[in-house]
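Take a look at the structure below.
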Amino acid sequence: MSIIEVKNLIKSFKVGKESVEVLKDISFNVKEGEFISIMGPSGGGKSTLLYLLGGLDKPTSGSVSIDGKDLSTIKKKEISWMRRNKIGFVFQFYNLVPNLSVEDNIMLPIILDGKKLKDYQKKLDDIIDIIGMQDKRKLTPRELSGGQQQRVAIARALIFEPDIIFLDEPIGNLDSKAGTEIMKLFKKINQEYGKTLIQVTHSVNAAKYGTSIIKLIDGEIVDREKSIEQVV
Ligand SMILES: Nc1ncnc2c1ncn2[C@@H]1O[C@H](COP(=O)(O)OP(=O)(O)OP(=O)(O)O)[C@@H](O)[C@H]1O
């Protein structure tokens with residue numbers, strides 16, 4: 001079964017009196033364990049699509065289903081549960097809390113959810129190992145490089161062990177060396193930990209880490225291929 005099913009998805013925004021159709025009848029499926037790169041020109045609707053897939057916004061019509069459950073018809077409680085346990089997000093600008101340590105930033109979703117920190121201590125240690133930052137766990141974000149900050153944001157997205165992680169321009173703010181290291185980390189999270197990843201990116205370098213590439217132009221999928229050479 002597909003972990004994500006997108007059917008006839010349409011999203012319009014009202015701009016003044018006019019309605020602008022940003023996504024035009026999009027359908028596709030994502031299988032568990034895939035790593036999809038969504039590429040295409042600026043303004044084509046990539047971020048809009050990512051937010052709909054993650055349940056952060058609602059479609060005008062059509063549907064997004066995760067594990068066979070249509071996000072527009074399930075109960076609010078269930079969607080909040082899904083957002084916490086099933087889905088993780090990583091953004092371009094990390095969105096860390098500046099005065100909290102690395103480990104407190106990673107544990108933030110646990111704190112906000114009212115869960116007991118000690119129940120997640122082992123998980124925290126494991127995740128800090130995965131991101132390779134044991135020696136930096138007491139530092140605050142301003143003491144870290146951009147690449148290290150993004151590692152912390154990735155760890156925070158992993159703490160609830162989601163099956164799917166959405167990445168919005170995850171290396172858009174990094175130089176090429178740090179960017180490559182982050183992409184290798186995503187590849188490991190995809191291949192070794194079996195997470196399904198969906199990234200929006202302008203970078204051909206980042207896109208080629210995907211197992212499949214979707215090209216979105218002007219709100220429509222114009223191509224879906226296995227390798228970047230077939231798309232660019
Ligand atoms: N909340 C909103 N209200 C009105 N228009 C919006 C809204 N969100 C997005 N848009 C419009 O939808 C279009 C697609 O935006 P989106 O950010 O999804 O594109 P994108 O492909 O991610 O672009 P970029 O690569 O520049 O980030 C743009 O024209 C944008 O102005």
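Following the order of the structure tokens, chains are lettered A, B, ..., residues in each are numbered from 1, and ligands are numbered from 1.
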
| said: Around ligand 1, which protein and nucleic acid residues have at least one atom no more than 6 Å from it, if we count only C-alpha atoms and all ligand atoms? List them as an NGL selection string. | reply: :A and (13 or 15 or 22 or 41-48)

Those residues you just picked out, can you put them in a file as an mmCIF file, in the first residue's frame with C-alpha atoms?
```
data_model
loop_
_atom_site.group_PDB
_atom_site.id
_atom_site.type_symbol
_atom_site.label_atom_id
_atom_site.label_comp_id
_atom_site.auth_asym_id
_atom_site.auth_seq_id
_atom_site.Cartn_x
_atom_site.Cartn_y
_atom_site.Cartn_z
ATOM 1 C CA PHE A 13 -5.703 31.167 -3.006
ATOM 2 C CA VAL A 15 -5.714 37.287 -4.006
ATOM 3 C CA VAL A 22 -1.727 27.199 -7.499
ATOM 4 C CA PRO A 41 10.693 26.745 -10.979
ATOM 5 C CA SER A 42 9.935 29.278 -8.269
ATOM 6 C CA GLY A 43 6.226 29.893 -7.713
ATOM 7 C CA GLY A 44 5.259 26.515 -9.199
ATOM 8 C CA GLY A 45 3.536 25.366 -5.999
ATOM 9 C CA LYS A 46 6.185 23.118 -4.412
ATOM 10 C CA SER A 47 5.908 24.448 -0.850
ATOM 11 C CA THR A 48 2.119 24.632 -1.126
#
```

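The list of residues with at least one atom within 10 Å of Gly33 in chain A, based on only C-alpha atoms and without residues fewer than 6 positions apart in the same chain, reads A:Ser2, A:Ile3, A:Asp163, A:Ile164, A:Ile189, A:Asn190, A:Gln191, A:Tyr193, A:Gly194, A:Lys195, A:Thr196, A:Leu197, A:Thr211.
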
| message | Among range 62-156 of chain A, which ones does DSSP assign to helix (DSSP H, G or I) (computed from the backbone)? Answer as a ChimeraX atom specification. | response | /A:76-85,102-112,117-131,134-136,141-143,146-156

| message | Need the shell around Ile38 in chain A: protein/DNA/RNA residues with any atom at most 12 Å away, counting only C-alpha atoms. Skip same-chain ones fewer than 6 positions apart. Format as a VMD selection string? | response | chain A and resid 44 to 50 166 to 169 197 to 204 206 to 217 219 to 225 228 231

With a distance cut-off of 9 Å and only C-alpha atoms, select the neighbouring residues of Glu103 in chain A, excluding the residue or stretch itself and same-chain residues fewer than 2 positions from it, and output the selection as a short mmCIF file (atom, residue, chain, number, x, y, z; two decimals) with N, CA and C atoms, in the first residue's frame.
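That gives us out22.cif:
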```
data_model
loop_
_atom_site.label_atom_id
_atom_site.label_comp_id
_atom_site.auth_asym_id
_atom_site.auth_seq_id
_atom_site.Cartn_x
_atom_site.Cartn_y
_atom_site.Cartn_z
N LEU A 100 17.95 27.60 24.09
CA LEU A 100 17.90 26.23 24.61
C LEU A 100 19.09 25.44 24.08
N SER A 101 19.57 24.49 24.87
CA SER A 101 20.71 23.65 24.44
C SER A 101 20.26 22.73 23.31
N ASN A 105 16.49 21.48 22.65
CA ASN A 105 15.82 21.72 21.37
C ASN A 105 15.27 20.42 20.80
N ILE A 106 16.07 19.35 20.90
CA ILE A 106 15.61 18.05 20.35
C ILE A 106 14.41 17.52 21.14
N MET A 107 14.42 17.78 22.45
CA MET A 107 13.35 17.29 23.32
C MET A 107 12.11 18.19 23.32
N LEU A 108 12.21 19.33 22.64
CA LEU A 108 11.10 20.30 22.70
C LEU A 108 9.72 19.68 22.38
N LEU A 124 16.88 9.96 22.95
CA LEU A 124 17.68 11.17 22.74
C LEU A 124 19.15 10.79 22.47
N ILE A 128 21.14 11.55 19.04
CA ILE A 128 22.34 12.40 19.04
C ILE A 128 23.51 11.65 18.40
N LYS A 136 28.46 18.00 21.49
CA LYS A 136 27.90 19.36 21.39
C LYS A 136 26.53 19.47 22.06
N ARG A 137 26.15 18.47 22.83
CA ARG A 137 24.76 18.42 23.30
C ARG A 137 24.40 19.53 24.28
N LYS A 138 25.39 20.12 24.95
CA LYS A 138 25.07 21.19 25.92
C LYS A 138 25.18 22.59 25.30
N LEU A 139 25.60 22.66 24.05
CA LEU A 139 25.76 23.98 23.41
C LEU A 139 24.42 24.54 22.96
N VAL A 152 20.51 19.37 14.32
CA VAL A 152 19.67 19.42 15.52
C VAL A 152 18.19 19.44 15.12
N ARG A 156 15.35 16.75 16.09
CA ARG A 156 14.06 17.12 16.69
C ARG A 156 12.91 16.50 15.90
#
```

| request: Return the single residue from A:Gln134, A:Asn85, A:Gln148, A:Gln92 that is closest to Pro170 in chain A, with distances computed using only C-alpha atoms. | output: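 Of all the options, A:Gln92 lies closest to Pro170 in chain A.
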
| task | Could you tell me how far CA of Gly68 in chain A lies from CA of Met1 in chain A, in Å and to one decimal? | result |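 Straight-line distance from CA of Gly68 in chain A to CA of Met1 in chain A works out to 8.4 Å.
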